[in-house]
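Visitor: Following this line is entry31.pdb, made up of PDB, C-alpha atoms and all ligand atoms:
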MODEL        1
ATOM      1  CA  MET A   1     -11.046  16.352  14.118
ATOM      2  CA  ASN A   2     -13.202  19.124  12.630
ATOM      3  CA  ASP A   3     -16.070  20.808  14.401
ATOM      4  CA  THR A   4     -17.748  22.425  11.399
ATOM      5  CA  ILE A   5     -19.501  20.865   8.427
ATOM      6  CA  GLU A   6     -17.337  21.346   5.354
ATOM      7  CA  PRO A   7     -19.416  21.654   2.153
ATOM      8  CA  THR A   8     -18.162  20.138  -1.092
ATOM      9  CA  ASN A   9     -19.508  21.438  -4.397
ATOM     10  CA  THR A  10     -17.800  20.098  -7.498
ATOM     11  CA  PRO A  11     -17.656  16.298  -7.713
ATOM     12  CA  LEU A  12     -14.212  14.859  -7.148
ATOM     13  CA  LYS A  13     -12.903  11.742  -8.798
ATOM     14  CA  LEU A  14     -11.578   9.069  -6.492
ATOM     15  CA  ALA A  15      -9.331   6.404  -7.959
ATOM     16  CA  ALA A  16      -9.212   3.219  -5.886
ATOM     17  CA  ILE A  17      -7.097   0.117  -6.322
ATOM     18  CA  GLY A  18      -6.307  -2.824  -4.088
ATOM     19  CA  ASP A  19      -4.222  -5.979  -4.234
ATOM     20  CA  LEU A  20      -1.145  -4.663  -5.982
ATOM     21  CA  HIS A  21       0.831  -7.510  -4.334
ATOM     22  CA  VAL A  22       4.172  -5.883  -5.136
ATOM     23  CA  ALA A  23       6.885  -8.551  -4.899
ATOM     24  CA  ASP A  24      10.655  -8.588  -5.171
ATOM     25  CA  GLY A  25      11.526  -8.102  -8.836
ATOM     26  CA  ASP A  26       8.479  -5.874  -9.475
ATOM     27  CA  GLU A  27      10.537  -2.690  -9.853
ATOM     28  CA  ARG A  28       8.701  -0.055 -11.973
ATOM     29  CA  ARG A  29       5.710  -2.371 -12.482
ATOM     30  CA  TYR A  30       3.182   0.268 -11.396
ATOM     31  CA  ARG A  31       4.995   3.503 -12.193
ATOM     32  CA  GLU A  32       3.140   4.319 -15.423
ATOM     33  CA  LEU A  33      -0.145   3.327 -13.835
ATOM     34  CA  PHE A  34       0.311   5.799 -10.976
ATOM     35  CA  ALA A  35       1.171   8.534 -13.493
ATOM     36  CA  GLU A  36      -2.016   7.691 -15.431
ATOM     37  CA  ILE A  37      -4.106   7.735 -12.241
ATOM     38  CA  SER A  38      -2.714  11.178 -11.394
ATOM     39  CA  GLU A  39      -4.179  12.466 -14.667
ATOM     40  CA  ALA A  40      -7.506  10.650 -14.313
ATOM     41  CA  ALA A  41      -8.392  11.334 -10.666
ATOM     42  CA  ASP A  42      -8.129  13.840  -7.821
ATOM     43  CA  ILE A  43      -7.418  11.408  -4.961
ATOM     44  CA  LEU A  44      -6.060   7.835  -4.844
ATOM     45  CA  ALA A  45      -7.179   5.237  -2.282
ATOM     46  CA  LEU A  46      -5.014   2.115  -1.831
ATOM     47  CA  CYS A  47      -7.131  -0.800  -0.575
ATOM     48  CA  GLY A  48      -4.539  -3.124   0.984
ATOM     49  CA  ASP A  49      -2.423  -6.114  -0.054
ATOM     50  CA  LEU A  50      -0.059  -3.487  -1.355
ATOM     51  CA  THR A  51       2.882  -5.882  -0.939
ATOM     52  CA  ASN A  52       2.929  -9.635  -1.419
ATOM     53  CA  PHE A  53       4.509 -10.632   1.906
ATOM     54  CA  GLY A  54       4.917  -7.371   3.839
ATOM     55  CA  LYS A  55       8.679  -7.338   3.244
ATOM     56  CA  THR A  56      10.699  -4.164   3.612
ATOM     57  CA  SER A  57      12.115  -4.611   0.097
ATOM     58  CA  GLU A  58       8.632  -4.946  -1.412
ATOM     59  CA  ALA A  59       7.369  -1.804   0.334
ATOM     60  CA  GLU A  60      10.434   0.093  -0.902
ATOM     61  CA  ILE A  61       9.781  -0.998  -4.501
ATOM     62  CA  LEU A  62       6.190   0.238  -4.212
ATOM     63  CA  ALA A  63       7.321   3.490  -2.583
ATOM     64  CA  GLU A  64       9.583   4.170  -5.581
ATOM     65  CA  ASP A  65       6.673   3.758  -7.993
ATOM     66  CA  LEU A  66       4.381   5.898  -5.819
ATOM     67  CA  SER A  67       6.691   8.825  -6.532
ATOM     68  CA  ALA A  68       4.936   8.932  -9.945
ATOM     69  CA  CYS A  69       1.620   9.660  -8.207
ATOM     70  CA  LYS A  70       1.029  13.407  -8.066
ATOM     71  CA  ILE A  71      -2.356  13.427  -6.304
ATOM     72  CA  PRO A  72      -3.132  12.944  -2.577
ATOM     73  CA  MET A  73      -2.990   9.294  -1.484
ATOM     74  CA  VAL A  74      -4.732   7.491   1.372
ATOM     75  CA  GLY A  75      -4.504   3.795   2.135
ATOM     76  CA  VAL A  76      -4.893   0.797   4.395
ATOM     77  CA  LEU A  77      -2.875  -2.385   4.709
ATOM     78  CA  GLY A  78      -4.154  -5.832   3.766
ATOM     79  CA  ASN A  79      -3.545  -9.263   5.265
ATOM     80  CA  HIS A  80      -0.578  -9.869   2.921
ATOM     81  CA  ASP A  81       1.106  -6.747   4.305
ATOM     82  CA  PHE A  82       1.116  -8.466   7.736
ATOM     83  CA  GLU A  83       2.758 -11.715   6.607
ATOM     84  CA  GLU A  84       6.322 -10.764   7.553
ATOM     85  CA  GLY A  85       5.141  -9.623  11.000
ATOM     86  CA  GLN A  86       6.215  -6.010  10.541
ATOM     87  CA  PRO A  87       3.167  -4.031   9.370
ATOM     88  CA  GLU A  88       4.484  -0.923  11.162
ATOM     89  CA  ILE A  89       7.558  -0.904   8.892
ATOM     90  CA  VAL A  90       5.432  -1.254   5.744
ATOM     91  CA  THR A  91       3.232   1.563   7.065
ATOM     92  CA  ARG A  92       6.215   3.823   7.746
ATOM     93  CA  ILE A  93       7.705   3.290   4.276
ATOM     94  CA  LEU A  94       4.374   4.093   2.631
ATOM     95  CA  CYS A  95       3.868   7.144   4.865
ATOM     96  CA  ASP A  96       7.345   8.353   3.892
ATOM     97  CA  ALA A  97       6.266   7.902   0.248
ATOM     98  CA  GLY A  98       3.390  10.320   0.875
ATOM     99  CA  VAL A  99       0.482   7.964   1.607
ATOM    100  CA  THR A 100      -1.759   8.864   4.558
ATOM    101  CA  MET A 101      -2.284   5.467   6.175
ATOM    102  CA  LEU A 102      -5.718   5.509   7.759
ATOM    103  CA  ASP A 103      -5.718   2.848  10.463
ATOM    104  CA  GLU A 104      -7.366   4.548  13.475
ATOM    105  CA  GLN A 105      -6.725   7.872  11.752
ATOM    106  CA  ALA A 106      -9.174   9.891   9.653
ATOM    107  CA  VAL A 107      -8.175  12.644   7.267
ATOM    108  CA  VAL A 108      -9.869  15.312   5.139
ATOM    109  CA  VAL A 109      -8.617  15.548   1.552
ATOM    110  CA  GLU A 110     -10.051  18.131  -0.860
ATOM    111  CA  GLY A 111     -13.041  18.522   1.482
ATOM    112  CA  ILE A 112     -13.826  14.774   1.547
ATOM    113  CA  GLY A 113     -13.376  12.777   4.755
ATOM    114  CA  PHE A 114     -11.542   9.458   4.654
ATOM    115  CA  ALA A 115     -11.524   6.850   7.411
ATOM    116  CA  GLY A 116     -10.189   3.361   7.004
ATOM    117  CA  VAL A 117      -9.055   0.105   8.512
ATOM    118  CA  LYS A 118      -7.825  -3.216   7.186
ATOM    119  CA  GLY A 119     -10.902  -4.889   8.615
ATOM    120  CA  PHE A 120     -11.091  -8.589   9.391
ATOM    121  CA  ILE A 121     -12.984 -11.755   8.610
ATOM    122  CA  GLY A 122     -16.047 -13.269  10.292
ATOM    123  CA  GLY A 123     -18.764 -13.547   7.667
ATOM    124  CA  PHE A 124     -21.934 -11.758   6.765
ATOM    125  CA  GLY A 125     -25.452 -11.174   8.033
ATOM    126  CA  ARG A 126     -27.101 -13.997   9.907
ATOM    127  CA  ASN A 127     -24.180 -16.277   9.098
ATOM    128  CA  GLU A 128     -21.637 -14.042  10.848
ATOM    129  CA  LEU A 129     -19.510 -15.835  13.445
ATOM    130  CA  GLY A 130     -20.555 -14.907  16.993
ATOM    131  CA  PRO A 131     -18.478 -14.805  20.204
ATOM    132  CA  PHE A 132     -19.632 -18.163  21.566
ATOM    133  CA  GLY A 133     -17.833 -21.180  22.989
ATOM    134  CA  GLU A 134     -14.054 -21.565  22.913
ATOM    135  CA  LEU A 135     -11.786 -18.727  23.960
ATOM    136  CA  ALA A 136     -10.064 -18.834  20.562
ATOM    137  CA  ILE A 137     -13.394 -18.067  18.869
ATOM    138  CA  LYS A 138     -13.983 -15.160  21.248
ATOM    139  CA  HIS A 139     -10.512 -13.732  20.507
ATOM    140  CA  PHE A 140     -11.208 -14.091  16.802
ATOM    141  CA  VAL A 141     -14.519 -12.236  17.062
ATOM    142  CA  ASP A 142     -12.875  -9.586  19.258
ATOM    143  CA  GLU A 143     -10.436  -8.860  16.434
ATOM    144  CA  SER A 144     -13.317  -8.400  14.012
ATOM    145  CA  ARG A 145     -15.179  -6.123  16.434
ATOM    146  CA  ASN A 146     -12.038  -4.121  17.123
ATOM    147  CA  GLU A 147     -11.521  -3.338  13.446
ATOM    148  CA  ALA A 148     -15.158  -2.212  13.151
ATOM    149  CA  ARG A 149     -14.749  -0.070  16.283
ATOM    150  CA  LYS A 150     -11.682   1.657  14.827
ATOM    151  CA  LEU A 151     -13.569   2.365  11.605
ATOM    152  CA  GLU A 152     -16.516   3.763  13.568
ATOM    153  CA  ASN A 153     -14.220   6.013  15.614
ATOM    154  CA  GLY A 154     -12.533   7.298  12.476
ATOM    155  CA  LEU A 155     -15.833   8.032  10.740
ATOM    156  CA  ARG A 156     -17.220   9.706  13.858
ATOM    157  CA  SER A 157     -14.346  12.195  13.844
ATOM    158  CA  LEU A 158     -15.268  13.390  10.328
ATOM    159  CA  ARG A 159     -17.613  16.374  10.062
ATOM    160  CA  THR A 160     -17.382  16.600   6.290
ATOM    161  CA  GLU A 161     -20.473  16.554   4.089
ATOM    162  CA  LYS A 162     -19.092  13.457   2.361
ATOM    163  CA  ALA A 163     -16.948  10.661   3.746
ATOM    164  CA  VAL A 164     -15.405   7.511   2.292
ATOM    165  CA  ALA A 165     -14.583   4.278   4.117
ATOM    166  CA  VAL A 166     -11.364   2.646   2.866
ATOM    167  CA  LEU A 167     -11.044  -1.071   3.707
ATOM    168  CA  HIS A 168      -9.234  -4.211   2.692
ATOM    169  CA  TYR A 169     -11.827  -6.786   3.749
ATOM    170  CA  SER A 170     -15.337  -6.506   2.393
ATOM    171  CA  PRO A 171     -18.185  -5.070   4.499
ATOM    172  CA  VAL A 172     -20.859  -6.884   2.457
ATOM    173  CA  ALA A 173     -21.472 -10.287   0.894
ATOM    174  CA  GLN A 174     -22.464  -8.917  -2.533
ATOM    175  CA  THR A 175     -18.966  -7.850  -3.572
ATOM    176  CA  VAL A 176     -17.428 -11.226  -2.690
ATOM    177  CA  GLN A 177     -19.890 -13.077  -4.962
ATOM    178  CA  GLY A 178     -17.857 -15.055  -7.465
ATOM    179  CA  GLU A 179     -15.503 -16.436  -4.834
ATOM    180  CA  PRO A 180     -15.953 -20.058  -3.713
ATOM    181  CA  ALA A 181     -18.821 -20.293  -1.203
ATOM    182  CA  GLU A 182     -16.548 -22.171   1.225
ATOM    183  CA  ILE A 183     -14.324 -19.100   1.796
ATOM    184  CA  MET A 184     -17.016 -16.395   2.019
ATOM    185  CA  PRO A 185     -16.651 -15.939   5.822
ATOM    186  CA  PHE A 186     -12.917 -15.305   5.292
ATOM    187  CA  LEU A 187     -13.462 -12.413   2.918
ATOM    188  CA  GLY A 188     -14.987  -9.834   5.220
ATOM    189  CA  SER A 189     -17.367  -8.926   7.990
ATOM    190  CA  SER A 190     -20.801  -7.321   8.258
ATOM    191  CA  ARG A 191     -19.546  -5.534  11.362
ATOM    192  CA  LEU A 192     -17.741  -3.118   9.017
ATOM    193  CA  ALA A 193     -21.018  -2.327   7.235
ATOM    194  CA  ALA A 194     -22.736  -1.723  10.588
ATOM    195  CA  ALA A 195     -20.050   0.860  11.453
ATOM    196  CA  ILE A 196     -20.497   2.577   8.063
ATOM    197  CA  ASP A 197     -24.281   2.683   8.386
ATOM    198  CA  ARG A 198     -24.117   4.578  11.687
ATOM    199  CA  PHE A 199     -23.223   7.762   9.770
ATOM    200  CA  ASP A 200     -25.289   9.492   7.107
ATOM    201  CA  ASN A 201     -22.367  11.296   5.442
ATOM    202  CA  VAL A 202     -20.641   8.145   4.142
ATOM    203  CA  THR A 203     -21.104   8.177   0.368
ATOM    204  CA  ALA A 204     -18.895   5.238  -0.639
ATOM    205  CA  ALA A 205     -16.916   2.315   0.727
ATOM    206  CA  VAL A 206     -14.000   0.811  -1.203
ATOM    207  CA  HIS A 207     -12.252  -2.461  -0.461
ATOM    208  CA  GLY A 208     -10.066  -5.178  -1.969
ATOM    209  CA  HIS A 209      -9.124  -8.732  -0.947
ATOM    210  CA  ALA A 210     -11.771 -10.660  -2.932
ATOM    211  CA  HIS A 211      -9.790 -11.105  -6.170
ATOM    212  CA  ARG A 212     -12.604 -13.079  -7.810
ATOM    213  CA  GLY A 213     -15.481 -11.106  -6.308
ATOM    214  CA  SER A 214     -17.961  -8.647  -7.829
ATOM    215  CA  TYR A 215     -17.505  -4.907  -8.340
ATOM    216  CA  ARG A 216     -20.665  -3.410  -6.830
ATOM    217  CA  GLY A 217     -22.720  -3.877  -3.714
ATOM    218  CA  ASP A 218     -24.497  -1.808  -1.059
ATOM    219  CA  THR A 219     -24.516  -1.810   2.715
ATOM    220  CA  PRO A 220     -27.885  -2.593   4.344
ATOM    221  CA  GLY A 221     -28.195   1.200   4.860
ATOM    222  CA  GLY A 222     -27.690   1.875   1.139
ATOM    223  CA  VAL A 223     -24.066   3.044   0.991
ATOM    224  CA  PRO A 224     -22.462   1.988  -2.325
ATOM    225  CA  VAL A 225     -19.643  -0.548  -1.882
ATOM    226  CA  TYR A 226     -16.971  -1.044  -4.554
ATOM    227  CA  ASN A 227     -14.634  -4.040  -4.693
ATOM    228  CA  CYS A 228     -11.494  -2.390  -6.043
ATOM    229  CA  ALA A 229      -9.259  -5.472  -6.111
ATOM    230  CA  GLN A 230      -7.364  -4.784  -9.321
ATOM    231  CA  PHE A 231      -8.395  -8.058 -10.950
ATOM    232  CA  VAL A 232     -12.097  -7.366 -10.387
ATOM    233  CA  VAL A 233     -11.868  -3.811 -11.734
ATOM    234  CA  GLN A 234      -9.760  -4.917 -14.715
ATOM    235  CA  ALA A 235     -12.426  -7.452 -15.690
ATOM    236  CA  GLN A 236     -15.143  -4.792 -15.382
ATOM    237  CA  PHE A 237     -13.544  -1.755 -17.015
ATOM    238  CA  GLY A 238     -10.379  -2.887 -18.790
ATOM    239  CA  ARG A 239      -8.186  -0.895 -16.396
ATOM    240  CA  PRO A 240      -7.079  -1.964 -12.912
ATOM    241  CA  TYR A 241      -8.303   1.039 -10.902
ATOM    242  CA  ALA A 242     -11.853   2.127 -10.110
ATOM    243  CA  LEU A 243     -12.938   5.707 -10.792
ATOM    244  CA  ILE A 244     -15.665   6.852  -8.434
ATOM    245  CA  GLU A 245     -17.280  10.283  -8.518
ATOM    246  CA  LEU A 246     -17.793  11.703  -5.045
TER
HETATM  247 FE    FE B 301      -5.034  -9.724  -2.327
HETATM  248 FE    FE B 302      -6.128  -9.822   1.061
ENDMDL
END
Take the structure in the file and give it back as structure tokens.

Guide:
Amino acid sequence: MNDTIEPTNTPLKLAAIGDLHVADGDERRYRELFAEISEAADILALCGDLTNFGKTSEAEILAEDLSACKIPMVGVLGNHDFEEGQPEIVTRILCDAGVTMLDEQAVVVEGIGFAGVKGFIGGFGRNELGPFGELAIKHFVDESRNEARKLENGLRSLRTEKAVAVLHYSPVAQTVQGEPAEIMPFLGSSRLAAAIDRFDNVTAAVHGHAHRGSYRGDTPGGVPVYNCAQFVVQAQFGRPYALIEL
């Protein structure tokens, strides 16, 4: 935690990519891409679903390819990284590969603050699921609130002039547009946007998860939101990673 405001002058380029879904047999799949990103950007944010099933072998394959990345890396896990029931092992392997994993932890890189969480589902705006009725619903909503609380705590610890929120689930409905309407509440939660909007130094939020969503949105408070799921960015720019000037 920093006590002084840290000014940032020259714009930095943030590369962001989510939903790599590295599976067994994917050796070297992303190595050249990480080398290219190192040339194109100053910092890389990994927006979750980094592995397909959260297997140790998948995380190790990704860690090998991350050795080609020569710029600072921050990241969060996605729901796929939890599938094997060992997210702490995936996290450790990625940390050992040089990624600062942000869950409940904020970090300052090149003068820019980064806070992040996986996030959770629950829906958006007036249609958000509330903590009413069955205990199972209340537990579900608690999980969503807890992720937003962790994000808020991380952002609060940052005294930088600029900060970025790194997520897997979307904080807004706009960037999940394009997905089937029936699954919208399973793609993110407005509670994440509420946490972001409590702070006036947040200049961008990046997320993944919505493979068929839209690239750009804004929080109700006006913070730009970028869906960096690789398939969305590929369709928009012809390359799988977003480049965002901070
Ligand atoms: Fe995904
Ligand atoms: Fe996901």

Visitor: Return as CSV the residues of chain A lying at most 9 Å from ligand FE 302 (chain B), together with the closest atom-to-atom pair for each and the distance in Å to one decimal, counting only C-alpha atoms and all ligand atoms, with rows in chain order and ascending residue number.

Guide:
residue,atom,partner,partner_atom,distance
A:Gly18,CA,B:FE302,FE,8.7
A:Asp19,CA,B:FE302,FE,6.8
A:Gly48,CA,B:FE302,FE,6.9
A:Asp49,CA,B:FE302,FE,5.4
A:Leu77,CA,B:FE302,FE,8.9
A:Gly78,CA,B:FE302,FE,5.2
A:Asn79,CA,B:FE302,FE,5.0
A:His80,CA,B:FE302,FE,5.9
A:Asp81,CA,B:FE302,FE,8.5
A:His168,CA,B:FE302,FE,6.6
A:Tyr169,CA,B:FE302,FE,7.0
A:Leu187,CA,B:FE302,FE,8.0
A:Gly208,CA,B:FE302,FE,6.8
A:His209,CA,B:FE302,FE,3.8
A:Ala210,CA,B:FE302,FE,7.0
A:His211,CA,B:FE302,FE,8.2
A:Ala229,CA,B:FE302,FE,9.0

Visitor: I need the output of the PyMOL selection byres (((chain A and resi 220) around 12) and not hetatm) for this file as a count of residues only; which residues are they?

Guide: 23

Visitor: Need the shell around Phe186 of chain A: protein/DNA/RNA residues with any atom at most 7 Å away, counting all atoms listed in the file. Skip same-chain ones fewer than 5 positions apart. Format as number ranges by chain?

Guide: A: 121-123

Visitor: Which residue is closest to Val107 of chain A? Choose from A:Gly119, A:Val164, A:Ile61, A:Glu134 and count all atoms listed in the file.

Guide: A:Val164

Visitor: Which residue is closest to ligand FE 301 (chain B)? Choose from A:Ala204, A:Leu50, A:Leu135, A:Ile183 and count all atoms listed in the file.

Guide: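 The answer is A:Leu50, which sits nearest to ligand FE 301 (chain B).
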
Visitor: Please evaluate the PyMOL selection byres (((chain A and resi 239) around 12) and not hetatm) against the structure above and give the resulting residues as number ranges by chain.

Guide: A: 15-17, 33, 36-37, 40, 228-238, 240-243

Visitor: Measure the distance from atom CA of Thr51 of chain A to atom CA of Ile244 of chain A in Å and round it to one decimal.

Guide: 23.7 Å

Visitor: What is the distance between atom CA of Glu88 of chain A and atom CA of Val202 of chain A, in Å to one decimal?

Guide: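 The value is 27.6 Å.
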
Visitor: Selection in question (the file shown): the PyMOL selection byres (((chain A and resi 72) around 6) and not hetatm). Which residues does it include, as a JSON list (two decimals) with C-alpha atoms, in the frame of the given file?

Guide:
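Result written to selection.json:
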[["chain", "number", "residue", "atom", "x", "y", "z"],
["A", 43, "ILE", "CA", -7.42, 11.41, -4.96],
["A", 71, "ILE", "CA", -2.36, 13.43, -6.30],
["A", 73, "MET", "CA", -2.99, 9.29, -1.48]]

Visitor: Pick from A:Val109, A:Asn227, A:Arg28, A:Ile137: nearest to ligand FE 301 (chain B), with only C-alpha atoms and all ligand atoms counted?

Guide: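 Ranked by minimum distance to ligand FE 301 (chain B), first place goes to A:Asn227.
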
Visitor: Kindly indicate which residue among A:Ala136, A:Ala45, A:Val90, A:Ala68 lies nearest to Gly116 of chain A, using all atoms listed in the file for the distances.

Guide: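 Once distances to Gly116 of chain A are computed over all atoms listed in the file, the minimum belongs to A:Ala45.
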
Visitor: Atom CA of Leu246 of chain A to atom CA of Ala148 of chain A: how many Å, to one decimal?

Guide: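 Atom-to-atom, atom CA of Leu246 of chain A and atom CA of Ala148 of chain A are spaced 23.1 Å apart.
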
Visitor: Which is closer to ligand FE 301 (chain B) than all the others in A:Gln86, A:Thr203, A:Ser170, A:Thr91, using all atoms listed in the file?

Guide: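 Nearest candidate to ligand FE 301 (chain B) out of A:Gln86, A:Thr203, A:Ser170, A:Thr91: A:Ser170.
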
Visitor: Looking at A:Ala205, A:Leu66, A:Ala106, A:Ala59, which one is nearest to Arg156 of chain A, with distances taken over all atoms listed in the file?

Guide: A:Ala106
